[in-house]
Amino acid sequence: MALFSSLTPVFLALLCVVIAAIIRSFSRRKEPSKPDSKATREVRPWVDEDLQDNTEISSRDNEDDDWADGSEADLPHVPYSPARYTVEEMLERSQHFYTMMNQRRSVRFISPEPVPRAVVENVIRAAGTAPSGAHTEPWTFVVVSDSETKRKIREIVEEEEEINYKQRMGDKWVRDLQRLRTNWVKEYLDVAPYLILVFKQTYGILSSGKKKTHYYNEISVSISCGLLLAALQNAGLVTVTTTPLNCGPQLRLLLNRPANEKLLMLLPVGFAATDATVPDLTRKSLEDITVFV
């Protein structure tokens, strides 16, 4: 008992220290965090997460004074009455469109036969009807018909693609492509009458020089590319979708495109060559790609 009595003050002191620490910890959690005035001032624009590369907005470009405040005049809303069809017409039209699109193939054998420029202009107009985040329309279609420029594009692409196939892509990726008989030789790039290079604008530039945020630019331009493929098929033209790895910066400089544009896709466009062949592929069934809930 004497020992316990002598240690009681020590236990009480330790208990007080523990209680005081708990109270302080609880008080810190209850206190509202003070806003960082610097962080509040430096509002950064929204960007796609997949755009973090050397063409993305740099911290130096991201100063507040460079960006528009986003306050634009309200748009008037007008009546909209789309066409309505009978059930029979809907079935017929949907079946016809599916049949046409099911004939689409990636064609690597393209004829040099000329294609009317007006046709290419119309398919790009169709691609430009795609929806986009906040209607920013973040796409640029660069249409190349000049023979010398097409030759330079082919040189850039083939040089990088050979490295891709031999070093960057890995054995599995290359093996998966063998059955499609693809390699780094892209003869169609200077044979096709047109090359359409689709650039996504990571941000816009207003007439005032201010930058404008482009929301969901990757997704928006991808949707536009889908409409472009459908429009080409509808016009009787062929293409092959190419995304040349590590070629974007060089092609952007060659075509004198600004720093806010990043190459998303390269499409050679023309008529199919008379001796064109395509892999005998099958598509997944409706049951394999659809879930009705």
# chains A, B, ... in the order shown; residues from 1 in each chain; ligands from 1

call {"tool": "closest_atom_pairs", "arguments": {"of": "region 170-271 of chain A", "to": "region 83-104 of chain A", "cutoff": "8 Å", "atoms": "only C-alpha atoms", "output": "JSON lines"}}
result
{"residue": "A:Ala230", "atom": "CA", "partner": "A:Met101", "partner_atom": "CA", "distance": 6.9}
{"residue": "A:Gln233", "atom": "CA", "partner": "A:Arg104", "partner_atom": "CA", "distance": 6.4}
{"residue": "A:Asn234", "atom": "CA", "partner": "A:Met100", "partner_atom": "CA", "distance": 7.3}
{"residue": "A:Val238", "atom": "CA", "partner": "A:Arg104", "partner_atom": "CA", "distance": 7.8}

call {"tool": "write_last_selection", "arguments": {"atoms": "N, CA, C and O atoms", "output": "mmCIF file, in the first residue's frame"}}
result
data_model
loop_
_atom_site.group_PDB
_atom_site.id
_atom_site.type_symbol
_atom_site.label_atom_id
_atom_site.label_comp_id
_atom_site.auth_asym_id
_atom_site.auth_seq_id
_atom_site.Cartn_x
_atom_site.Cartn_y
_atom_site.Cartn_z
ATOM 1 N N ALA A 230 -18.041 7.018 -90.265
ATOM 2 C CA ALA A 230 -19.355 6.695 -90.832
ATOM 3 C C ALA A 230 -19.608 7.497 -92.099
ATOM 4 O O ALA A 230 -20.144 6.972 -93.085
ATOM 5 N N GLN A 233 -17.612 6.016 -94.987
ATOM 6 C CA GLN A 233 -18.240 4.783 -95.461
ATOM 7 C C GLN A 233 -19.480 5.100 -96.294
ATOM 8 O O GLN A 233 -19.712 4.499 -97.349
ATOM 9 N N ASN A 234 -20.250 6.059 -95.850
ATOM 10 C CA ASN A 234 -21.468 6.452 -96.558
ATOM 11 C C ASN A 234 -21.144 7.010 -97.949
ATOM 12 O O ASN A 234 -21.937 6.860 -98.888
ATOM 13 N N VAL A 238 -12.709 4.688 -98.380
ATOM 14 C CA VAL A 238 -12.124 3.780 -97.390
ATOM 15 C C VAL A 238 -11.020 4.505 -96.640
ATOM 16 O O VAL A 238 -10.482 5.528 -97.084
#

call {"tool": "closest_atom_pairs", "arguments": {"of": "region 205-265 of chain A", "to": "region 107-115 of chain A", "cutoff": "10 Å", "atoms": "only C-alpha atoms", "output": "tab-separated table"}}
result
residue	atom	partner	partner_atom	distance
A:Leu237	CA	A:Val115	CA	8.8
A:Val238	CA	A:Val107	CA	6.2
A:Thr239	CA	A:Val107	CA	5.6
A:Val240	CA	A:Val107	CA	5.4
A:Thr241	CA	A:Val107	CA	9.0

call {"tool": "write_last_selection", "arguments": {"atoms": "N, CA, C and O atoms", "output": "compact mmCIF listing (two decimals), in the first residue's frame"}}
result
# COMPACT_ATOMS: atom_id res chain seq x y z
N LEU A 237 -15.95 5.77 -99.61
CA LEU A 237 -14.51 5.90 -99.46
C LEU A 237 -14.01 4.94 -98.37
O LEU A 237 -14.79 4.47 -97.55
N VAL A 238 -12.71 4.69 -98.38
CA VAL A 238 -12.12 3.78 -97.39
C VAL A 238 -11.02 4.50 -96.64
O VAL A 238 -10.48 5.53 -97.08
N THR A 239 -10.66 3.94 -95.50
CA THR A 239 -9.57 4.47 -94.70
C THR A 239 -9.09 3.38 -93.76
O THR A 239 -9.67 2.29 -93.69
N VAL A 240 -8.03 3.66 -93.03
CA VAL A 240 -7.58 2.82 -91.94
C VAL A 240 -7.20 3.76 -90.80
O VAL A 240 -6.49 4.75 -91.00
N THR A 241 -7.72 3.49 -89.61
CA THR A 241 -7.43 4.35 -88.47
C THR A 241 -6.00 4.09 -87.99
O THR A 241 -5.64 2.96 -87.70

call {"tool": "atom_distance", "arguments": {"atom1": "CA of Pro249 (chain A)", "atom2": "CA of Met265 (chain A)"}}
result
12.9 Å

call {"tool": "atom_distance", "arguments": {"atom1": "CA of Ala276 (chain A)", "atom2": "CA of Tyr188 (chain A)"}}
result
11.5 Å

call {"tool": "select_by_dssp", "arguments": {"residues": "region 29-273 of chain A", "states": "strand (DSSP E or B)", "output": "mmCIF file with all heavy atoms, in the first residue's frame"}}
result
data_model
loop_
_atom_site.group_PDB
_atom_site.id
_atom_site.type_symbol
_atom_site.label_atom_id
_atom_site.label_comp_id
_atom_site.auth_asym_id
_atom_site.auth_seq_id
_atom_site.Cartn_x
_atom_site.Cartn_y
_atom_site.Cartn_z
ATOM 1 N N TRP A 67 -6.282 33.185 -68.990
ATOM 2 C CA TRP A 67 -7.486 32.378 -69.205
ATOM 3 C C TRP A 67 -8.741 33.240 -69.173
ATOM 4 O O TRP A 67 -8.883 34.127 -68.344
ATOM 5 C CB TRP A 67 -7.601 31.275 -68.139
ATOM 6 C CG TRP A 67 -6.567 30.220 -68.352
ATOM 7 C CD1 TRP A 67 -5.300 30.196 -67.850
ATOM 8 C CD2 TRP A 67 -6.701 29.048 -69.144
ATOM 9 N NE1 TRP A 67 -4.643 29.091 -68.282
ATOM 10 C CE2 TRP A 67 -5.465 28.356 -69.069
ATOM 11 C CE3 TRP A 67 -7.735 28.508 -69.898
ATOM 12 C CZ2 TRP A 67 -5.252 27.151 -69.747
ATOM 13 C CZ3 TRP A 67 -7.520 27.312 -70.570
ATOM 14 C CH2 TRP A 67 -6.294 26.646 -70.485
ATOM 15 N N SER A 106 -11.035 -1.757 -92.298
ATOM 16 C CA SER A 106 -9.786 -1.001 -92.325
ATOM 17 C C SER A 106 -9.018 -1.437 -93.564
ATOM 18 O O SER A 106 -8.611 -2.592 -93.671
ATOM 19 C CB SER A 106 -8.971 -1.267 -91.057
ATOM 20 O OG SER A 106 -9.638 -0.753 -89.917
ATOM 21 N N ILE A 110 -4.991 1.517 -100.918
ATOM 22 C CA ILE A 110 -5.814 2.646 -101.347
ATOM 23 C C ILE A 110 -5.356 3.115 -102.719
ATOM 24 O O ILE A 110 -4.151 3.220 -102.995
ATOM 25 C CB ILE A 110 -5.739 3.790 -100.315
ATOM 26 C CG1 ILE A 110 -6.261 3.288 -98.955
ATOM 27 C CG2 ILE A 110 -6.543 4.999 -100.775
ATOM 28 C CD1 ILE A 110 -6.182 4.321 -97.836
ATOM 29 N N TRP A 139 -11.792 20.361 -82.059
ATOM 30 C CA TRP A 139 -11.151 19.548 -83.093
ATOM 31 C C TRP A 139 -10.615 20.424 -84.225
ATOM 32 O O TRP A 139 -11.149 21.471 -84.547
ATOM 33 C CB TRP A 139 -12.134 18.523 -83.656
ATOM 34 C CG TRP A 139 -13.546 19.043 -83.818
ATOM 35 C CD1 TRP A 139 -13.997 19.993 -84.682
ATOM 36 C CD2 TRP A 139 -14.690 18.640 -83.058
ATOM 37 N NE1 TRP A 139 -15.344 20.198 -84.526
ATOM 38 C CE2 TRP A 139 -15.806 19.372 -83.526
ATOM 39 C CE3 TRP A 139 -14.891 17.709 -82.028
ATOM 40 C CZ2 TRP A 139 -17.086 19.228 -83.007
ATOM 41 C CZ3 TRP A 139 -16.172 17.570 -81.510
ATOM 42 C CH2 TRP A 139 -17.255 18.311 -81.992
ATOM 43 N N THR A 140 -9.532 19.944 -84.805
ATOM 44 C CA THR A 140 -8.976 20.540 -86.019
ATOM 45 C C THR A 140 -8.686 19.400 -86.983
ATOM 46 O O THR A 140 -7.991 18.440 -86.624
ATOM 47 C CB THR A 140 -7.671 21.309 -85.736
ATOM 48 O OG1 THR A 140 -7.923 22.354 -84.791
ATOM 49 C CG2 THR A 140 -7.116 21.919 -87.012
ATOM 50 N N PHE A 141 -9.211 19.497 -88.199
ATOM 51 C CA PHE A 141 -8.977 18.487 -89.227
ATOM 52 C C PHE A 141 -8.003 19.078 -90.261
ATOM 53 O O PHE A 141 -8.350 20.021 -90.971
ATOM 54 C CB PHE A 141 -10.287 18.097 -89.908
ATOM 55 C CG PHE A 141 -11.314 17.538 -88.968
ATOM 56 C CD1 PHE A 141 -12.246 18.370 -88.363
ATOM 57 C CD2 PHE A 141 -11.346 16.187 -88.670
ATOM 58 C CE1 PHE A 141 -13.199 17.863 -87.486
ATOM 59 C CE2 PHE A 141 -12.283 15.665 -87.790
ATOM 60 C CZ PHE A 141 -13.210 16.510 -87.195
ATOM 61 N N VAL A 142 -6.805 18.539 -90.303
ATOM 62 C CA VAL A 142 -5.816 19.001 -91.272
ATOM 63 C C VAL A 142 -5.846 18.031 -92.455
ATOM 64 O O VAL A 142 -5.543 16.842 -92.295
ATOM 65 C CB VAL A 142 -4.409 19.058 -90.653
ATOM 66 C CG1 VAL A 142 -3.388 19.505 -91.700
ATOM 67 C CG2 VAL A 142 -4.386 20.003 -89.452
ATOM 68 N N VAL A 143 -6.223 18.534 -93.624
ATOM 69 C CA VAL A 143 -6.362 17.708 -94.819
ATOM 70 C C VAL A 143 -5.145 17.951 -95.714
ATOM 71 O O VAL A 143 -4.907 19.072 -96.159
ATOM 72 C CB VAL A 143 -7.660 18.039 -95.579
ATOM 73 C CG1 VAL A 143 -7.814 17.117 -96.788
ATOM 74 C CG2 VAL A 143 -8.867 17.909 -94.650
ATOM 75 N N VAL A 144 -4.393 16.895 -95.967
ATOM 76 C CA VAL A 144 -3.158 17.008 -96.736
ATOM 77 C C VAL A 144 -3.337 16.308 -98.078
ATOM 78 O O VAL A 144 -3.657 15.117 -98.139
ATOM 79 C CB VAL A 144 -1.969 16.368 -95.984
ATOM 80 C CG1 VAL A 144 -0.696 16.455 -96.825
ATOM 81 C CG2 VAL A 144 -1.761 17.048 -94.637
ATOM 82 N N TYR A 194 -5.784 11.799 -100.135
ATOM 83 C CA TYR A 194 -5.884 12.704 -98.988
ATOM 84 C C TYR A 194 -5.418 12.004 -97.713
ATOM 85 O O TYR A 194 -5.640 10.800 -97.512
ATOM 86 C CB TYR A 194 -7.332 13.169 -98.767
ATOM 87 C CG TYR A 194 -7.861 14.106 -99.824
ATOM 88 C CD1 TYR A 194 -8.736 13.640 -100.803
ATOM 89 C CD2 TYR A 194 -7.502 15.448 -99.845
ATOM 90 C CE1 TYR A 194 -9.235 14.486 -101.780
ATOM 91 C CE2 TYR A 194 -7.995 16.308 -100.814
ATOM 92 C CZ TYR A 194 -8.848 15.824 -101.778
ATOM 93 O OH TYR A 194 -9.337 16.671 -102.744
ATOM 94 N N LEU A 195 -4.785 12.762 -96.852
ATOM 95 C CA LEU A 195 -4.552 12.355 -95.468
ATOM 96 C C LEU A 195 -5.311 13.339 -94.593
ATOM 97 O O LEU A 195 -5.190 14.553 -94.768
ATOM 98 C CB LEU A 195 -3.063 12.389 -95.110
ATOM 99 C CG LEU A 195 -2.114 11.517 -95.933
ATOM 100 C CD1 LEU A 195 -0.688 11.675 -95.414
ATOM 101 C CD2 LEU A 195 -2.540 10.058 -95.911
ATOM 102 N N ILE A 196 -6.107 12.805 -93.678
ATOM 103 C CA ILE A 196 -6.801 13.661 -92.714
ATOM 104 C C ILE A 196 -6.169 13.423 -91.348
ATOM 105 O O ILE A 196 -6.244 12.315 -90.813
ATOM 106 C CB ILE A 196 -8.313 13.370 -92.670
ATOM 107 C CG1 ILE A 196 -8.944 13.577 -94.048
ATOM 108 C CG2 ILE A 196 -8.992 14.263 -91.634
ATOM 109 C CD1 ILE A 196 -10.442 13.265 -94.089
ATOM 110 N N LEU A 197 -5.530 14.439 -90.818
ATOM 111 C CA LEU A 197 -4.939 14.355 -89.485
ATOM 112 C C LEU A 197 -5.861 15.070 -88.514
ATOM 113 O O LEU A 197 -6.151 16.262 -88.680
ATOM 114 C CB LEU A 197 -3.546 14.977 -89.460
ATOM 115 C CG LEU A 197 -2.496 14.215 -90.291
ATOM 116 C CD1 LEU A 197 -2.425 14.758 -91.704
ATOM 117 C CD2 LEU A 197 -1.123 14.280 -89.621
ATOM 118 N N VAL A 198 -6.335 14.335 -87.526
ATOM 119 C CA VAL A 198 -7.304 14.870 -86.565
ATOM 120 C C VAL A 198 -6.556 15.274 -85.301
ATOM 121 O O VAL A 198 -5.953 14.435 -84.624
ATOM 122 C CB VAL A 198 -8.394 13.834 -86.234
ATOM 123 C CG1 VAL A 198 -9.468 14.479 -85.354
ATOM 124 C CG2 VAL A 198 -9.010 13.277 -87.519
ATOM 125 N N PHE A 199 -6.599 16.563 -85.004
ATOM 126 C CA PHE A 199 -5.958 17.091 -83.800
ATOM 127 C C PHE A 199 -7.021 17.461 -82.774
ATOM 128 O O PHE A 199 -8.060 18.027 -83.125
ATOM 129 C CB PHE A 199 -5.140 18.344 -84.128
ATOM 130 C CG PHE A 199 -3.880 18.082 -84.897
ATOM 131 C CD1 PHE A 199 -3.900 17.932 -86.276
ATOM 132 C CD2 PHE A 199 -2.664 17.986 -84.239
ATOM 133 C CE1 PHE A 199 -2.732 17.703 -86.993
ATOM 134 C CE2 PHE A 199 -1.487 17.761 -84.940
ATOM 135 C CZ PHE A 199 -1.528 17.612 -86.323
ATOM 136 N N LYS A 200 -6.754 17.137 -81.523
ATOM 137 C CA LYS A 200 -7.621 17.623 -80.443
ATOM 138 C C LYS A 200 -6.987 18.875 -79.844
ATOM 139 O O LYS A 200 -5.771 18.961 -79.654
ATOM 140 C CB LYS A 200 -7.802 16.548 -79.375
ATOM 141 C CG LYS A 200 -6.528 16.073 -78.714
ATOM 142 C CD LYS A 200 -6.821 14.969 -77.725
ATOM 143 C CE LYS A 200 -5.533 14.461 -77.084
ATOM 144 N NZ LYS A 200 -5.800 13.338 -76.159
ATOM 145 N N GLN A 201 -7.812 19.855 -79.608
ATOM 146 C CA GLN A 201 -7.351 21.107 -79.025
ATOM 147 C C GLN A 201 -7.439 20.978 -77.503
ATOM 148 O O GLN A 201 -8.527 20.923 -76.941
ATOM 149 C CB GLN A 201 -8.202 22.270 -79.512
ATOM 150 C CG GLN A 201 -8.199 22.448 -81.023
ATOM 151 C CD GLN A 201 -9.259 23.428 -81.490
ATOM 152 O OE1 GLN A 201 -9.945 24.060 -80.684
ATOM 153 N NE2 GLN A 201 -9.413 23.553 -82.788
ATOM 154 N N TYR A 203 -6.848 23.121 -75.342
ATOM 155 C CA TYR A 203 -7.559 24.320 -74.893
ATOM 156 C C TYR A 203 -7.770 25.188 -76.121
ATOM 157 O O TYR A 203 -7.111 25.005 -77.165
ATOM 158 C CB TYR A 203 -6.793 25.081 -73.798
ATOM 159 C CG TYR A 203 -5.389 25.501 -74.178
ATOM 160 C CD1 TYR A 203 -5.151 26.727 -74.814
ATOM 161 C CD2 TYR A 203 -4.298 24.694 -73.897
ATOM 162 C CE1 TYR A 203 -3.866 27.117 -75.162
ATOM 163 C CE2 TYR A 203 -3.012 25.071 -74.246
ATOM 164 C CZ TYR A 203 -2.794 26.278 -74.879
ATOM 165 O OH TYR A 203 -1.534 26.665 -75.228
ATOM 166 N N GLY A 204 -8.704 26.120 -76.046
ATOM 167 C CA GLY A 204 -8.970 27.010 -77.160
ATOM 168 C C GLY A 204 -8.278 28.342 -76.977
ATOM 169 O O GLY A 204 -7.808 28.677 -75.888
ATOM 170 N N ILE A 205 -8.175 29.098 -78.049
ATOM 171 C CA ILE A 205 -7.599 30.441 -77.997
ATOM 172 C C ILE A 205 -8.612 31.397 -78.611
ATOM 173 O O ILE A 205 -8.965 31.277 -79.791
ATOM 174 C CB ILE A 205 -6.265 30.506 -78.761
ATOM 175 C CG1 ILE A 205 -5.268 29.496 -78.172
ATOM 176 C CG2 ILE A 205 -5.694 31.922 -78.694
ATOM 177 C CD1 ILE A 205 -3.948 29.434 -78.909
ATOM 178 N N LYS A 211 -7.051 32.122 -73.253
ATOM 179 C CA LYS A 211 -7.242 30.686 -73.411
ATOM 180 C C LYS A 211 -8.625 30.287 -72.911
ATOM 181 O O LYS A 211 -9.120 30.848 -71.938
ATOM 182 C CB LYS A 211 -6.159 29.919 -72.662
ATOM 183 C CG LYS A 211 -4.745 30.173 -73.166
ATOM 184 C CD LYS A 211 -3.756 29.287 -72.424
ATOM 185 C CE LYS A 211 -2.343 29.476 -72.927
ATOM 186 N NZ LYS A 211 -1.770 30.760 -72.515
ATOM 187 N N LYS A 212 -9.213 29.301 -73.554
ATOM 188 C CA LYS A 212 -10.549 28.835 -73.192
ATOM 189 C C LYS A 212 -10.476 27.350 -72.864
ATOM 190 O O LYS A 212 -9.925 26.561 -73.631
ATOM 191 C CB LYS A 212 -11.521 29.063 -74.360
ATOM 192 C CG LYS A 212 -12.934 28.545 -74.112
ATOM 193 C CD LYS A 212 -13.820 28.812 -75.329
ATOM 194 C CE LYS A 212 -15.211 28.211 -75.167
ATOM 195 N NZ LYS A 212 -15.929 28.800 -74.027
ATOM 196 N N THR A 213 -11.017 26.962 -71.728
ATOM 197 C CA THR A 213 -10.991 25.573 -71.311
ATOM 198 C C THR A 213 -11.825 24.708 -72.244
ATOM 199 O O THR A 213 -12.954 25.053 -72.576
ATOM 200 C CB THR A 213 -11.522 25.435 -69.874
ATOM 201 O OG1 THR A 213 -10.771 26.297 -69.014
ATOM 202 C CG2 THR A 213 -11.395 24.001 -69.384
ATOM 203 N N VAL A 238 -12.709 4.688 -98.380
ATOM 204 C CA VAL A 238 -12.124 3.780 -97.390
ATOM 205 C C VAL A 238 -11.020 4.505 -96.640
ATOM 206 O O VAL A 238 -10.482 5.528 -97.084
ATOM 207 C CB VAL A 238 -11.561 2.505 -98.045
ATOM 208 C CG1 VAL A 238 -12.665 1.741 -98.749
ATOM 209 C CG2 VAL A 238 -10.426 2.829 -99.012
ATOM 210 N N THR A 239 -10.662 3.938 -95.502
ATOM 211 C CA THR A 239 -9.567 4.466 -94.698
ATOM 212 C C THR A 239 -9.089 3.384 -93.756
ATOM 213 O O THR A 239 -9.669 2.294 -93.687
ATOM 214 C CB THR A 239 -10.011 5.718 -93.905
ATOM 215 O OG1 THR A 239 -8.868 6.312 -93.283
ATOM 216 C CG2 THR A 239 -11.027 5.359 -92.826
ATOM 217 N N THR A 242 -5.207 5.128 -87.933
ATOM 218 C CA THR A 242 -3.837 4.986 -87.448
ATOM 219 C C THR A 242 -3.591 6.002 -86.350
ATOM 220 O O THR A 242 -4.034 7.147 -86.427
ATOM 221 C CB THR A 242 -2.807 5.200 -88.580
ATOM 222 O OG1 THR A 242 -2.893 6.545 -89.053
ATOM 223 C CG2 THR A 242 -3.068 4.252 -89.744
ATOM 224 N N GLU A 261 -2.628 21.988 -79.750
ATOM 225 C CA GLU A 261 -3.197 20.890 -80.519
ATOM 226 C C GLU A 261 -2.331 19.645 -80.397
ATOM 227 O O GLU A 261 -1.103 19.713 -80.466
ATOM 228 C CB GLU A 261 -3.353 21.278 -81.989
ATOM 229 C CG GLU A 261 -4.376 22.376 -82.209
ATOM 230 C CD GLU A 261 -4.643 22.675 -83.669
ATOM 231 O OE1 GLU A 261 -4.024 22.014 -84.545
ATOM 232 O OE2 GLU A 261 -5.473 23.560 -83.951
ATOM 233 N N LYS A 262 -2.997 18.507 -80.228
ATOM 234 C CA LYS A 262 -2.299 17.232 -80.090
ATOM 235 C C LYS A 262 -2.894 16.243 -81.079
ATOM 236 O O LYS A 262 -4.112 16.095 -81.165
ATOM 237 C CB LYS A 262 -2.444 16.706 -78.661
ATOM 238 C CG LYS A 262 -1.797 15.336 -78.460
ATOM 239 C CD LYS A 262 -1.986 14.852 -77.045
ATOM 240 C CE LYS A 262 -1.403 13.453 -76.876
ATOM 241 N NZ LYS A 262 -1.621 12.931 -75.520
ATOM 242 N N LEU A 263 -2.045 15.553 -81.839
ATOM 243 C CA LEU A 263 -2.522 14.607 -82.845
ATOM 244 C C LEU A 263 -3.225 13.429 -82.182
ATOM 245 O O LEU A 263 -2.671 12.774 -81.306
ATOM 246 C CB LEU A 263 -1.352 14.104 -83.693
ATOM 247 C CG LEU A 263 -1.722 13.117 -84.811
ATOM 248 C CD1 LEU A 263 -2.620 13.784 -85.846
ATOM 249 C CD2 LEU A 263 -0.474 12.550 -85.469
ATOM 250 N N LEU A 264 -4.456 13.176 -82.607
ATOM 251 C CA LEU A 264 -5.207 12.046 -82.078
ATOM 252 C C LEU A 264 -5.266 10.903 -83.071
ATOM 253 O O LEU A 264 -5.136 9.737 -82.709
ATOM 254 C CB LEU A 264 -6.636 12.482 -81.722
ATOM 255 C CG LEU A 264 -7.518 11.416 -81.099
ATOM 256 C CD1 LEU A 264 -7.034 11.091 -79.690
ATOM 257 C CD2 LEU A 264 -8.974 11.869 -81.043
ATOM 258 N N MET A 265 -5.454 11.211 -84.372
ATOM 259 C CA MET A 265 -5.627 10.151 -85.348
ATOM 260 C C MET A 265 -5.190 10.622 -86.725
ATOM 261 O O MET A 265 -5.290 11.807 -87.059
ATOM 262 C CB MET A 265 -7.102 9.714 -85.391
ATOM 263 C CG MET A 265 -7.348 8.421 -86.144
ATOM 264 S SD MET A 265 -9.029 7.788 -85.846
ATOM 265 C CE MET A 265 -8.888 7.335 -84.114
ATOM 266 N N LEU A 266 -4.697 9.679 -87.525
ATOM 267 C CA LEU A 266 -4.280 9.938 -88.902
ATOM 268 C C LEU A 266 -5.035 8.976 -89.812
ATOM 269 O O LEU A 266 -4.971 7.762 -89.640
ATOM 270 C CB LEU A 266 -2.767 9.742 -89.030
ATOM 271 C CG LEU A 266 -2.156 9.698 -90.440
ATOM 272 C CD1 LEU A 266 -2.484 10.965 -91.218
ATOM 273 C CD2 LEU A 266 -0.653 9.500 -90.352
ATOM 274 N N LEU A 267 -5.759 9.532 -90.788
ATOM 275 C CA LEU A 267 -6.591 8.731 -91.674
ATOM 276 C C LEU A 267 -6.201 8.957 -93.133
ATOM 277 O O LEU A 267 -6.373 10.070 -93.650
ATOM 278 C CB LEU A 267 -8.073 9.095 -91.506
ATOM 279 C CG LEU A 267 -8.689 8.936 -90.115
ATOM 280 C CD1 LEU A 267 -10.098 9.506 -90.114
ATOM 281 C CD2 LEU A 267 -8.714 7.477 -89.711
ATOM 282 N N PRO A 268 -5.681 7.936 -93.831
ATOM 283 C CA PRO A 268 -5.543 8.043 -95.281
ATOM 284 C C PRO A 268 -6.919 7.813 -95.899
ATOM 285 O O PRO A 268 -7.655 6.919 -95.492
ATOM 286 C CB PRO A 268 -4.584 6.901 -95.623
ATOM 287 C CG PRO A 268 -4.811 5.887 -94.554
ATOM 288 C CD PRO A 268 -5.182 6.649 -93.305
ATOM 289 N N VAL A 269 -7.286 8.618 -96.883
ATOM 290 C CA VAL A 269 -8.648 8.580 -97.418
ATOM 291 C C VAL A 269 -8.602 8.483 -98.940
ATOM 292 O O VAL A 269 -7.863 9.222 -99.601
ATOM 293 C CB VAL A 269 -9.436 9.832 -96.993
ATOM 294 C CG1 VAL A 269 -10.765 9.921 -97.722
ATOM 295 C CG2 VAL A 269 -9.669 9.815 -95.483
ATOM 296 N N GLY A 270 -9.406 7.580 -99.486
ATOM 297 C CA GLY A 270 -9.514 7.450 -100.934
ATOM 298 C C GLY A 270 -10.414 6.293 -101.289
ATOM 299 O O GLY A 270 -11.132 5.738 -100.443
ATOM 300 N N ALA A 272 -10.842 2.347 -102.544
ATOM 301 C CA ALA A 272 -10.079 1.106 -102.373
ATOM 302 C C ALA A 272 -9.378 0.757 -103.683
ATOM 303 O O ALA A 272 -9.932 0.931 -104.775
ATOM 304 C CB ALA A 272 -11.001 -0.028 -101.948
#

call {"tool": "atom_distance", "arguments": {"atom1": "CA of Leu177 (chain A)", "atom2": "CA of Thr282 (chain A)"}}
result
15.9 Å

call {"tool": "residues_around", "arguments": {"residues": "Ala118 (chain A)", "least_positions_apart": "6", "cutoff": "12 Å", "atoms": "only C-alpha atoms", "output": "ChimeraX atom specification"}}
result
/A:124-125,235

call {"tool": "write_last_selection", "arguments": {"atoms": "N, CA and C atoms", "output": "PDB file, in the first residue's frame"}}
result
ATOM      1  N   ILE A 124     -16.129  15.970 -93.499  1.00  0.00           N
ATOM      2  CA  ILE A 124     -15.603  16.697 -92.347  1.00  0.00           C
ATOM      3  C   ILE A 124     -16.703  17.539 -91.708  1.00  0.00           C
ATOM      4  N   ARG A 125     -17.577  18.121 -92.535  1.00  0.00           N
ATOM      5  CA  ARG A 125     -18.728  18.824 -91.960  1.00  0.00           C
ATOM      6  C   ARG A 125     -19.546  17.882 -91.088  1.00  0.00           C
ATOM      7  N   ALA A 235     -19.979   7.643 -98.087  1.00  0.00           N
ATOM      8  CA  ALA A 235     -19.595   8.239 -99.364  1.00  0.00           C
ATOM      9  C   ALA A 235     -18.888   7.254-100.285  1.00  0.00           C
TER      10      ALA A 235
END
